[in-house]
Amino acid sequence: MKTSLTLYELNTLVKDAIELTLPDEYWVEAELSEAREVRGHCYMQLIQKDEKSNTPIAQASAKCWKSTWMIVKPHFERVTGQHLHAGLKVLLRVYAQFHENYGFSWIVTDIDPTYTMGDMARRRQEIIRELKAQGVFDLNRELTIPAFAQNIAVISSQQAAGYGDFVDQLMNNEYGFVFNIQLFPAIMQGEQVEQSVIAALDEIYRAPFDCVVIIRGGGAVADLSGFDTLRLAENVANFPLPVITGIGHDRDESVLDMVAHTRVKTPTAAAAFLVDNLKRTSDRIAVAQDHIINKVRQRMQLQHLRLARLSQAIPTLFSLMATRQKAHIDRLAERMARAATSATTQRLHRLHMLEQAFMPLVGRKMMEHRHRLLLLQQRIDAANPERLLAKGYSITLRQGHPVRSASELKPGDTVETRLQQGRFSAVVTSLSSNEEEQQQPPGVQ
């Protein structure tokens with residue numbers, strides 16, 4: 001019959017072997033793939049990746065018991081400014097433990113925060129080198145904050161005390177400046193910072209603002225890790241509006257602070273910066289206004305002096321000008337008088353010449369027309385009907401028109417006959433032919 005062991009016996013052998021083989025504590029470098037607290041204990045999943053392919057090549061579980069975690073956690077967070085989270089590289093002091101019931105795990109007795117700080121610094125430097133290689137590290141700082149920056153887009157948590165302080169200081173500034181503030185809510189701590197802030201920037205991009213303010217007030221220093229990402233830094237560096245950050249503390253500067261146009265310590269400092277910017281603009285306007293007023297005043301004084309000198313010189317100049325103009329007018333009058341006399345003399349001479357030439361022509365024309373009139377008078381007298389009537393002739397009229405032929409009449413027509421002395425009317429009773437007409441007159445009644 002084969003010899004066999006129970007599972008418990010086998011696990012006990014493994015436990016004894018591990019305790020004999022690995023009796024010491026060891027410092028181990030690893031990356032956290034998971035870190036969570038349960039009833040005061042911290043449970044971690046450790047991983048090591050291939051540097052070239054980034055493929056996991058080793059994994060293990062680790063635990064930090066509550067009694068140790070209460071000491072290790074605050075020290076680590078105070079030094080690094082971060083919580084333990086997935087993706088963080090750590091240097092752990094551990095010892096091996098195999099429990100018959102729960103299996104193998106590494107028990108953490110300490111965590112070296114300086115190692116993590118070095119890794120964080122190394123990663124931050126890699127991000128900075130990448131941004132500089134892209135040529136965008138200083139891009140946002142090259143923008144100019146508008147002199148009248150009053151339309152402000154704010155990225156912050158709506159419930160953050162820092163946002164309330166920012167709005168209060170900006171809206172109740174001592175100079176009475178008016179600002180238009182619009183909040184774009186975002187998560188300002190934890191692993192969702194990058195995605196949330198980038199989404200807010202995308203919304204701001206489509207609206208008309210003068211600048212963007214990213215503020216975070218009241219949070220722990222440990223929450224700054226979300227602002228040290230390449231993607232978020234690229235978005236801020238390439239953003240077309242100046243970005244002002246107020247997310248850190250005196251000794252903490254994130255990559256986001258480095259690429260932003262202006263970095264200040266707190267949200268209230270960001271509000272003070274915007275108020276000061278508008279105050280500088282107001283001061284420049286006041287200085288320019290005073291300069292313009294002084295220049296106008298000087299120019300007006302100069303013009304007043306010139307007017308005074310001109311007013312003093314006007315009587316003399318007027319008298320001189322009047323004398324010159326009078327002399328000029330007199331010369332023109334003399335020239336006009338001489339020209340008029342000469343023109344009149346010439347016209348009179350010409351009229352005299354025309355008169356001498358015209359009179360003989362008029363005389364001849366009048367004699368010609370007088371002779372013509374005499375001939376016409378003789379012709380008129382010869383054709384005068386009164387002369388014919390005086391010789392015994394008569395004129396027969398029908399309806400006021402002379403009758404020249406019997407064919408113009410018909411029986412029953414009334415005709416009038418004019419004599420030298422008197423006239424009479426008759427009615428045509430009969431008409432004769434042309435031959436008979438030559439022998440006898442038509443019958444009348």
# chains A, B, ... in the order shown; residues from 1 in each chain; ligands from 1
>>> select_by_dssp(residues="region 54-300 of chain A", states="strand (DSSP E)", output="ChimeraX atom specification")
/A:56-64,89-99,103-111,151-156,180-185,211-215,243-246,262-263
>>> residues_around(residues="region 25-29 of chain A", least_positions_apart="4", cutoff="6 Å", atoms="only C-alpha atoms", output="JSON, numbers by chain")
{"A": [90, 91, 92, 93, 94, 95]}
>>> write_last_selection(atoms="all heavy atoms", output="PDB file, in the first residue's frame")
ATOM      1  N   VAL A  90       6.698  50.061  -6.414  1.00  0.00           N
ATOM      2  CA  VAL A  90       7.027  50.161  -4.991  1.00  0.00           C
ATOM      3  C   VAL A  90       8.202  49.252  -4.660  1.00  0.00           C
ATOM      4  O   VAL A  90       8.520  48.298  -5.389  1.00  0.00           O
ATOM      5  CB  VAL A  90       5.800  49.770  -4.131  1.00  0.00           C
ATOM      6  CG1 VAL A  90       4.704  50.812  -4.255  1.00  0.00           C
ATOM      7  CG2 VAL A  90       5.281  48.388  -4.525  1.00  0.00           C
ATOM      8  N   LEU A  91       8.840  49.592  -3.537  1.00  0.00           N
ATOM      9  CA  LEU A  91       9.900  48.754  -2.968  1.00  0.00           C
ATOM     10  C   LEU A  91       9.409  48.303  -1.603  1.00  0.00           C
ATOM     11  O   LEU A  91       9.253  49.107  -0.682  1.00  0.00           O
ATOM     12  CB  LEU A  91      11.201  49.553  -2.848  1.00  0.00           C
ATOM     13  CG  LEU A  91      12.398  48.805  -2.244  1.00  0.00           C
ATOM     14  CD1 LEU A  91      12.775  47.616  -3.133  1.00  0.00           C
ATOM     15  CD2 LEU A  91      13.602  49.746  -2.085  1.00  0.00           C
ATOM     16  N   LEU A  92       9.123  47.002  -1.484  1.00  0.00           N
ATOM     17  CA  LEU A  92       8.512  46.442  -0.291  1.00  0.00           C
ATOM     18  C   LEU A  92       9.523  45.588   0.480  1.00  0.00           C
ATOM     19  O   LEU A  92      10.346  44.869  -0.125  1.00  0.00           O
ATOM     20  CB  LEU A  92       7.308  45.569  -0.676  1.00  0.00           C
ATOM     21  CG  LEU A  92       6.249  46.193  -1.596  1.00  0.00           C
ATOM     22  CD1 LEU A  92       5.270  45.128  -2.019  1.00  0.00           C
ATOM     23  CD2 LEU A  92       5.539  47.333  -0.911  1.00  0.00           C
ATOM     24  N   ARG A  93       9.414  45.651   1.806  1.00  0.00           N
ATOM     25  CA  ARG A  93      10.168  44.697   2.635  1.00  0.00           C
ATOM     26  C   ARG A  93       9.180  43.620   3.055  1.00  0.00           C
ATOM     27  O   ARG A  93       8.145  43.915   3.701  1.00  0.00           O
ATOM     28  CB  ARG A  93      10.795  45.376   3.839  1.00  0.00           C
ATOM     29  CG  ARG A  93      11.730  44.433   4.620  1.00  0.00           C
ATOM     30  CD  ARG A  93      12.509  45.163   5.668  1.00  0.00           C
ATOM     31  NE  ARG A  93      11.623  45.679   6.714  1.00  0.00           N
ATOM     32  CZ  ARG A  93      12.067  46.418   7.742  1.00  0.00           C
ATOM     33  NH1 ARG A  93      13.346  46.762   7.827  1.00  0.00           N
ATOM     34  NH2 ARG A  93      11.208  46.843   8.659  1.00  0.00           N
ATOM     35  N   VAL A  94       9.466  42.375   2.708  1.00  0.00           N
ATOM     36  CA  VAL A  94       8.513  41.292   2.907  1.00  0.00           C
ATOM     37  C   VAL A  94       9.219  40.062   3.489  1.00  0.00           C
ATOM     38  O   VAL A  94      10.441  39.926   3.429  1.00  0.00           O
ATOM     39  CB  VAL A  94       7.837  40.905   1.566  1.00  0.00           C
ATOM     40  CG1 VAL A  94       7.072  42.062   0.980  1.00  0.00           C
ATOM     41  CG2 VAL A  94       8.877  40.405   0.560  1.00  0.00           C
ATOM     42  N   TYR A  95       8.403  39.197   4.028  1.00  0.00           N
ATOM     43  CA  TYR A  95       8.876  37.859   4.391  1.00  0.00           C
ATOM     44  C   TYR A  95       7.824  36.872   3.911  1.00  0.00           C
ATOM     45  O   TYR A  95       6.646  37.184   3.754  1.00  0.00           O
ATOM     46  CB  TYR A  95       9.142  37.737   5.886  1.00  0.00           C
ATOM     47  CG  TYR A  95       7.929  37.849   6.766  1.00  0.00           C
ATOM     48  CD1 TYR A  95       7.148  36.724   7.082  1.00  0.00           C
ATOM     49  CD2 TYR A  95       7.553  39.080   7.329  1.00  0.00           C
ATOM     50  CE1 TYR A  95       6.023  36.833   7.903  1.00  0.00           C
ATOM     51  CE2 TYR A  95       6.437  39.184   8.131  1.00  0.00           C
ATOM     52  CZ  TYR A  95       5.674  38.063   8.426  1.00  0.00           C
ATOM     53  OH  TYR A  95       4.569  38.164   9.230  1.00  0.00           O
TER      54      TYR A  95
END
>>> residues_around(residues="Cys64 (chain A)", least_positions_apart="6", cutoff="12 Å", atoms="only C-alpha atoms", output="ChimeraX atom specification")
/A:35-45,70-73,92-95,105-111
>>> select_by_dssp(residues="region 108-147 of chain A", states="alpha helix (DSSP H)", output="PDB file with all heavy atoms, in the first residue's frame")
ATOM      1  N   PRO A 113       9.188  54.766   0.609  1.00  0.00           N
ATOM      2  CA  PRO A 113       8.570  55.790  -0.250  1.00  0.00           C
ATOM      3  C   PRO A 113       9.560  56.456  -1.187  1.00  0.00           C
ATOM      4  O   PRO A 113       9.167  56.982  -2.233  1.00  0.00           O
ATOM      5  CB  PRO A 113       7.986  56.783   0.754  1.00  0.00           C
ATOM      6  CG  PRO A 113       8.806  56.616   1.976  1.00  0.00           C
ATOM      7  CD  PRO A 113       9.211  55.172   2.017  1.00  0.00           C
ATOM      8  N   THR A 114      10.850  56.464  -0.815  1.00  0.00           N
ATOM      9  CA  THR A 114      11.833  57.137  -1.684  1.00  0.00           C
ATOM     10  C   THR A 114      11.969  56.424  -3.019  1.00  0.00           C
ATOM     11  O   THR A 114      12.226  57.058  -4.046  1.00  0.00           O
ATOM     12  CB  THR A 114      13.187  57.209  -0.986  1.00  0.00           C
ATOM     13  OG1 THR A 114      13.635  55.872  -0.657  1.00  0.00           O
ATOM     14  CG2 THR A 114      13.105  58.029   0.293  1.00  0.00           C
ATOM     15  N   TYR A 115      11.811  55.102  -3.019  1.00  0.00           N
ATOM     16  CA  TYR A 115      11.869  54.363  -4.282  1.00  0.00           C
ATOM     17  C   TYR A 115      10.718  54.793  -5.192  1.00  0.00           C
ATOM     18  O   TYR A 115      10.904  55.046  -6.377  1.00  0.00           O
ATOM     19  CB  TYR A 115      11.796  52.856  -4.016  1.00  0.00           C
ATOM     20  CG  TYR A 115      11.725  52.030  -5.283  1.00  0.00           C
ATOM     21  CD1 TYR A 115      12.879  51.652  -5.943  1.00  0.00           C
ATOM     22  CD2 TYR A 115      10.495  51.627  -5.809  1.00  0.00           C
ATOM     23  CE1 TYR A 115      12.824  50.897  -7.107  1.00  0.00           C
ATOM     24  CE2 TYR A 115      10.422  50.873  -6.980  1.00  0.00           C
ATOM     25  CZ  TYR A 115      11.588  50.509  -7.624  1.00  0.00           C
ATOM     26  OH  TYR A 115      11.528  49.779  -8.777  1.00  0.00           O
ATOM     27  N   THR A 116       9.523  54.858  -4.601  1.00  0.00           N
ATOM     28  CA  THR A 116       8.357  55.282  -5.388  1.00  0.00           C
ATOM     29  C   THR A 116       8.514  56.714  -5.863  1.00  0.00           C
ATOM     30  O   THR A 116       8.154  57.051  -7.001  1.00  0.00           O
ATOM     31  CB  THR A 116       7.074  55.144  -4.553  1.00  0.00           C
ATOM     32  OG1 THR A 116       6.952  53.787  -4.115  1.00  0.00           O
ATOM     33  CG2 THR A 116       5.847  55.533  -5.357  1.00  0.00           C
ATOM     34  N   MET A 117       9.071  57.560  -4.992  1.00  0.00           N
ATOM     35  CA  MET A 117       9.333  58.945  -5.399  1.00  0.00           C
ATOM     36  C   MET A 117      10.274  58.978  -6.592  1.00  0.00           C
ATOM     37  O   MET A 117      10.088  59.743  -7.541  1.00  0.00           O
ATOM     38  CB  MET A 117       9.916  59.725  -4.231  1.00  0.00           C
ATOM     39  CG  MET A 117       8.916  60.063  -3.135  1.00  0.00           C
ATOM     40  SD  MET A 117       7.724  61.312  -3.669  1.00  0.00           S
ATOM     41  CE  MET A 117       8.792  62.732  -3.806  1.00  0.00           C
ATOM     42  N   GLY A 118      11.297  58.145  -6.549  1.00  0.00           N
ATOM     43  CA  GLY A 118      12.235  58.094  -7.675  1.00  0.00           C
ATOM     44  C   GLY A 118      11.563  57.626  -8.943  1.00  0.00           C
ATOM     45  O   GLY A 118      11.798  58.165 -10.027  1.00  0.00           O
ATOM     46  N   ASP A 119      10.699  56.620  -8.800  1.00  0.00           N
ATOM     47  CA  ASP A 119       9.981  56.125  -9.981  1.00  0.00           C
ATOM     48  C   ASP A 119       9.014  57.173 -10.500  1.00  0.00           C
ATOM     49  O   ASP A 119       8.877  57.367 -11.710  1.00  0.00           O
ATOM     50  CB  ASP A 119       9.220  54.853  -9.622  1.00  0.00           C
ATOM     51  CG  ASP A 119       8.484  54.282 -10.824  1.00  0.00           C
ATOM     52  OD1 ASP A 119       9.151  53.778 -11.740  1.00  0.00           O
ATOM     53  OD2 ASP A 119       7.235  54.382 -10.838  1.00  0.00           O
ATOM     54  N   MET A 120       8.340  57.864  -9.587  1.00  0.00           N
ATOM     55  CA  MET A 120       7.423  58.929 -10.003  1.00  0.00           C
ATOM     56  C   MET A 120       8.181  60.042 -10.706  1.00  0.00           C
ATOM     57  O   MET A 120       7.742  60.573 -11.726  1.00  0.00           O
ATOM     58  CB  MET A 120       6.681  59.481  -8.785  1.00  0.00           C
ATOM     59  CG  MET A 120       5.671  58.524  -8.185  1.00  0.00           C
ATOM     60  SD  MET A 120       5.074  59.096  -6.574  1.00  0.00           S
ATOM     61  CE  MET A 120       4.512  60.739  -6.969  1.00  0.00           C
ATOM     62  N   ALA A 121       9.341  60.393 -10.136  1.00  0.00           N
ATOM     63  CA  ALA A 121      10.162  61.438 -10.762  1.00  0.00           C
ATOM     64  C   ALA A 121      10.637  60.999 -12.139  1.00  0.00           C
ATOM     65  O   ALA A 121      10.657  61.788 -13.089  1.00  0.00           O
ATOM     66  CB  ALA A 121      11.348  61.777  -9.869  1.00  0.00           C
ATOM     67  N   ARG A 122      11.034  59.708 -12.237  1.00  0.00           N
ATOM     68  CA  ARG A 122      11.482  59.182 -13.527  1.00  0.00           C
ATOM     69  C   ARG A 122      10.343  59.232 -14.550  1.00  0.00           C
ATOM     70  O   ARG A 122      10.528  59.670 -15.692  1.00  0.00           O
ATOM     71  CB  ARG A 122      11.972  57.745 -13.352  1.00  0.00           C
ATOM     72  CG  ARG A 122      12.415  57.085 -14.664  1.00  0.00           C
ATOM     73  CD  ARG A 122      12.726  55.623 -14.443  1.00  0.00           C
ATOM     74  NE  ARG A 122      11.579  54.913 -13.904  1.00  0.00           N
ATOM     75  CZ  ARG A 122      10.535  54.530 -14.628  1.00  0.00           C
ATOM     76  NH1 ARG A 122      10.465  54.807 -15.918  1.00  0.00           N
ATOM     77  NH2 ARG A 122       9.531  53.879 -14.058  1.00  0.00           N
ATOM     78  N   ARG A 123       9.141  58.804 -14.132  1.00  0.00           N
ATOM     79  CA  ARG A 123       7.997  58.830 -15.040  1.00  0.00           C
ATOM     80  C   ARG A 123       7.629  60.265 -15.429  1.00  0.00           C
ATOM     81  O   ARG A 123       7.301  60.546 -16.579  1.00  0.00           O
ATOM     82  CB  ARG A 123       6.799  58.141 -14.386  1.00  0.00           C
ATOM     83  CG  ARG A 123       5.610  57.997 -15.318  1.00  0.00           C
ATOM     84  CD  ARG A 123       4.520  57.178 -14.675  1.00  0.00           C
ATOM     85  NE  ARG A 123       4.047  57.824 -13.442  1.00  0.00           N
ATOM     86  CZ  ARG A 123       3.084  57.303 -12.680  1.00  0.00           C
ATOM     87  NH1 ARG A 123       2.537  56.145 -12.992  1.00  0.00           N
ATOM     88  NH2 ARG A 123       2.694  57.940 -11.584  1.00  0.00           N
ATOM     89  N   ARG A 124       7.712  61.164 -14.465  1.00  0.00           N
ATOM     90  CA  ARG A 124       7.422  62.569 -14.763  1.00  0.00           C
ATOM     91  C   ARG A 124       8.426  63.123 -15.764  1.00  0.00           C
ATOM     92  O   ARG A 124       8.061  63.843 -16.694  1.00  0.00           O
ATOM     93  CB  ARG A 124       7.448  63.378 -13.463  1.00  0.00           C
ATOM     94  CG  ARG A 124       7.139  64.850 -13.663  1.00  0.00           C
ATOM     95  CD  ARG A 124       7.124  65.575 -12.334  1.00  0.00           C
ATOM     96  NE  ARG A 124       6.035  65.123 -11.489  1.00  0.00           N
ATOM     97  CZ  ARG A 124       5.790  65.598 -10.268  1.00  0.00           C
ATOM     98  NH1 ARG A 124       6.581  66.521  -9.754  1.00  0.00           N
ATOM     99  NH2 ARG A 124       4.769  65.157  -9.572  1.00  0.00           N
ATOM    100  N   GLN A 125       9.691  62.780 -15.579  1.00  0.00           N
ATOM    101  CA  GLN A 125      10.712  63.236 -16.518  1.00  0.00           C
ATOM    102  C   GLN A 125      10.490  62.649 -17.910  1.00  0.00           C
ATOM    103  O   GLN A 125      10.728  63.311 -18.918  1.00  0.00           O
ATOM    104  CB  GLN A 125      12.107  62.866 -16.002  1.00  0.00           C
ATOM    105  CG  GLN A 125      12.557  63.667 -14.789  1.00  0.00           C
ATOM    106  CD  GLN A 125      12.557  65.174 -15.063  1.00  0.00           C
ATOM    107  OE1 GLN A 125      12.995  65.621 -16.121  1.00  0.00           O
ATOM    108  NE2 GLN A 125      12.052  65.938 -14.099  1.00  0.00           N
ATOM    109  N   GLU A 126      10.019  61.421 -17.973  1.00  0.00           N
ATOM    110  CA  GLU A 126       9.718  60.817 -19.270  1.00  0.00           C
ATOM    111  C   GLU A 126       8.585  61.577 -19.953  1.00  0.00           C
ATOM    112  O   GLU A 126       8.631  61.821 -21.170  1.00  0.00           O
ATOM    113  CB  GLU A 126       9.331  59.347 -19.084  1.00  0.00           C
ATOM    114  CG  GLU A 126      10.498  58.452 -18.700  1.00  0.00           C
ATOM    115  CD  GLU A 126      10.051  57.021 -18.451  1.00  0.00           C
ATOM    116  OE1 GLU A 126       8.825  56.780 -18.499  1.00  0.00           O
ATOM    117  OE2 GLU A 126      10.912  56.159 -18.210  1.00  0.00           O
ATOM    118  N   ILE A 127       7.576  61.949 -19.176  1.00  0.00           N
ATOM    119  CA  ILE A 127       6.471  62.724 -19.754  1.00  0.00           C
ATOM    120  C   ILE A 127       6.974  64.072 -20.250  1.00  0.00           C
ATOM    121  O   ILE A 127       6.624  64.528 -21.352  1.00  0.00           O
ATOM    122  CB  ILE A 127       5.348  62.909 -18.709  1.00  0.00           C
ATOM    123  CG1 ILE A 127       4.701  61.562 -18.380  1.00  0.00           C
ATOM    124  CG2 ILE A 127       4.291  63.890 -19.225  1.00  0.00           C
ATOM    125  CD1 ILE A 127       3.681  61.633 -17.265  1.00  0.00           C
ATOM    126  N   ILE A 128       7.813  64.723 -19.441  1.00  0.00           N
ATOM    127  CA  ILE A 128       8.338  66.031 -19.832  1.00  0.00           C
ATOM    128  C   ILE A 128       9.185  65.911 -21.095  1.00  0.00           C
ATOM    129  O   ILE A 128       9.082  66.740 -22.018  1.00  0.00           O
ATOM    130  CB  ILE A 128       9.156  66.635 -18.678  1.00  0.00           C
ATOM    131  CG1 ILE A 128       8.230  66.974 -17.496  1.00  0.00           C
ATOM    132  CG2 ILE A 128       9.914  67.882 -19.135  1.00  0.00           C
ATOM    133  CD1 ILE A 128       8.957  67.396 -16.245  1.00  0.00           C
ATOM    134  N   ARG A 129      10.039  64.871 -21.170  1.00  0.00           N
ATOM    135  CA  ARG A 129      10.858  64.671 -22.372  1.00  0.00           C
ATOM    136  C   ARG A 129       9.985  64.432 -23.594  1.00  0.00           C
ATOM    137  O   ARG A 129      10.265  64.942 -24.687  1.00  0.00           O
ATOM    138  CB  ARG A 129      11.818  63.489 -22.166  1.00  0.00           C
ATOM    139  CG  ARG A 129      13.042  63.831 -21.333  1.00  0.00           C
ATOM    140  CD  ARG A 129      14.108  62.761 -21.472  1.00  0.00           C
ATOM    141  NE  ARG A 129      13.661  61.468 -20.952  1.00  0.00           N
ATOM    142  CZ  ARG A 129      13.811  61.084 -19.694  1.00  0.00           C
ATOM    143  NH1 ARG A 129      14.394  61.900 -18.811  1.00  0.00           N
ATOM    144  NH2 ARG A 129      13.394  59.894 -19.297  1.00  0.00           N
ATOM    145  N   GLU A 130       8.902  63.664 -23.427  1.00  0.00           N
ATOM    146  CA  GLU A 130       8.009  63.392 -24.550  1.00  0.00           C
ATOM    147  C   GLU A 130       7.327  64.677 -25.026  1.00  0.00           C
ATOM    148  O   GLU A 130       7.217  64.934 -26.240  1.00  0.00           O
ATOM    149  CB  GLU A 130       6.959  62.364 -24.139  1.00  0.00           C
ATOM    150  CG  GLU A 130       5.906  62.066 -25.196  1.00  0.00           C
ATOM    151  CD  GLU A 130       6.478  61.418 -26.444  1.00  0.00           C
ATOM    152  OE1 GLU A 130       7.584  60.824 -26.361  1.00  0.00           O
ATOM    153  OE2 GLU A 130       5.833  61.514 -27.495  1.00  0.00           O
ATOM    154  N   LEU A 131       6.888  65.501 -24.078  1.00  0.00           N
ATOM    155  CA  LEU A 131       6.236  66.770 -24.441  1.00  0.00           C
ATOM    156  C   LEU A 131       7.201  67.706 -25.152  1.00  0.00           C
ATOM    157  O   LEU A 131       6.835  68.381 -26.122  1.00  0.00           O
ATOM    158  CB  LEU A 131       5.675  67.444 -23.188  1.00  0.00           C
ATOM    159  CG  LEU A 131       4.510  66.722 -22.497  1.00  0.00           C
ATOM    160  CD1 LEU A 131       4.202  67.383 -21.163  1.00  0.00           C
ATOM    161  CD2 LEU A 131       3.271  66.722 -23.379  1.00  0.00           C
ATOM    162  N   LYS A 132       8.433  67.747 -24.681  1.00  0.00           N
ATOM    163  CA  LYS A 132       9.442  68.600 -25.335  1.00  0.00           C
ATOM    164  C   LYS A 132       9.802  68.065 -26.713  1.00  0.00           C
ATOM    165  O   LYS A 132      10.034  68.840 -27.650  1.00  0.00           O
ATOM    166  CB  LYS A 132      10.680  68.709 -24.453  1.00  0.00           C
ATOM    167  CG  LYS A 132      10.447  69.539 -23.194  1.00  0.00           C
ATOM    168  CD  LYS A 132      11.720  69.681 -22.373  1.00  0.00           C
ATOM    169  CE  LYS A 132      11.471  70.591 -21.163  1.00  0.00           C
ATOM    170  NZ  LYS A 132      12.685  70.756 -20.323  1.00  0.00           N
ATOM    171  N   ALA A 133       9.844  66.744 -26.840  1.00  0.00           N
ATOM    172  CA  ALA A 133      10.132  66.154 -28.146  1.00  0.00           C
ATOM    173  C   ALA A 133       9.038  66.486 -29.151  1.00  0.00           C
ATOM    174  O   ALA A 133       9.311  66.693 -30.342  1.00  0.00           O
ATOM    175  CB  ALA A 133      10.287  64.638 -28.009  1.00  0.00           C
ATOM    176  N   GLN A 134       7.802  66.552 -28.668  1.00  0.00           N
ATOM    177  CA  GLN A 134       6.682  66.934 -29.539  1.00  0.00           C
ATOM    178  C   GLN A 134       6.660  68.429 -29.830  1.00  0.00           C
ATOM    179  O   GLN A 134       5.937  68.873 -30.719  1.00  0.00           O
ATOM    180  CB  GLN A 134       5.357  66.533 -28.889  1.00  0.00           C
ATOM    181  CG  GLN A 134       5.149  65.042 -28.732  1.00  0.00           C
ATOM    182  CD  GLN A 134       3.841  64.728 -28.034  1.00  0.00           C
ATOM    183  OE1 GLN A 134       2.944  65.570 -27.958  1.00  0.00           O
ATOM    184  NE2 GLN A 134       3.718  63.521 -27.507  1.00  0.00           N
TER     185      GLN A 134
END
>>> closest_residue(among="A:Leu22, A:Ile47, A:Ala271, A:Leu374", to="Asp165 (chain A)", atoms="only C-alpha atoms")
A:Ala271
>>> closest_residue(among="A:Thr262, A:Ser53, A:Gln421, A:Ser156", to="Glu142 (chain A)", atoms="only C-alpha atoms")
A:Thr262
>>> closest_residue(among="A:Leu389, A:Ala343, A:Ala269, A:Ala62", to="Gly217 (chain A)", atoms="only C-alpha atoms")
A:Ala269
>>> residues_around(residues="region 191-208 of chain A", least_positions_apart="5", cutoff="7 Å", atoms="only C-alpha atoms", output="mmCIF file with C-alpha atoms, in the first residue's frame")
data_model
loop_
_atom_site.group_PDB
_atom_site.id
_atom_site.type_symbol
_atom_site.label_atom_id
_atom_site.label_comp_id
_atom_site.auth_asym_id
_atom_site.auth_seq_id
_atom_site.Cartn_x
_atom_site.Cartn_y
_atom_site.Cartn_z
ATOM 1 C CA ALA A 153 -14.237 78.712 -17.872
ATOM 2 C CA ILE A 155 -12.812 73.122 -14.323
ATOM 3 C CA PHE A 184 -17.444 72.609 -16.081
ATOM 4 C CA ALA A 186 -14.893 67.360 -13.249
ATOM 5 C CA GLY A 226 -4.009 62.175 -11.516
ATOM 6 C CA PHE A 227 -2.513 65.384 -12.947
ATOM 7 C CA LEU A 232 -3.803 65.280 -19.947
ATOM 8 C CA ASN A 235 -4.399 68.338 -24.080
#
>>> atom_distance(atom1="CA of Tyr163 (chain A)", atom2="CA of His261 (chain A)")
19.6 Å
>>> closest_residue(among="A:Val14, A:Glu51, A:Asp168, A:Glu253", to="Gly81 (chain A)", atoms="only C-alpha atoms")
A:Glu253
>>> closest_residue(among="A:Ile314, A:Met321, A:Leu397, A:Val287", to="Glu416 (chain A)", atoms="only C-alpha atoms")
A:Leu397
>>> atom_distance(atom1="CA of Ala60 (chain A)", atom2="CA of Leu46 (chain A)")
5.1 Å
>>> atom_distance(atom1="CA of Leu373 (chain A)", atom2="CA of Gln356 (chain A)")
26.6 Å
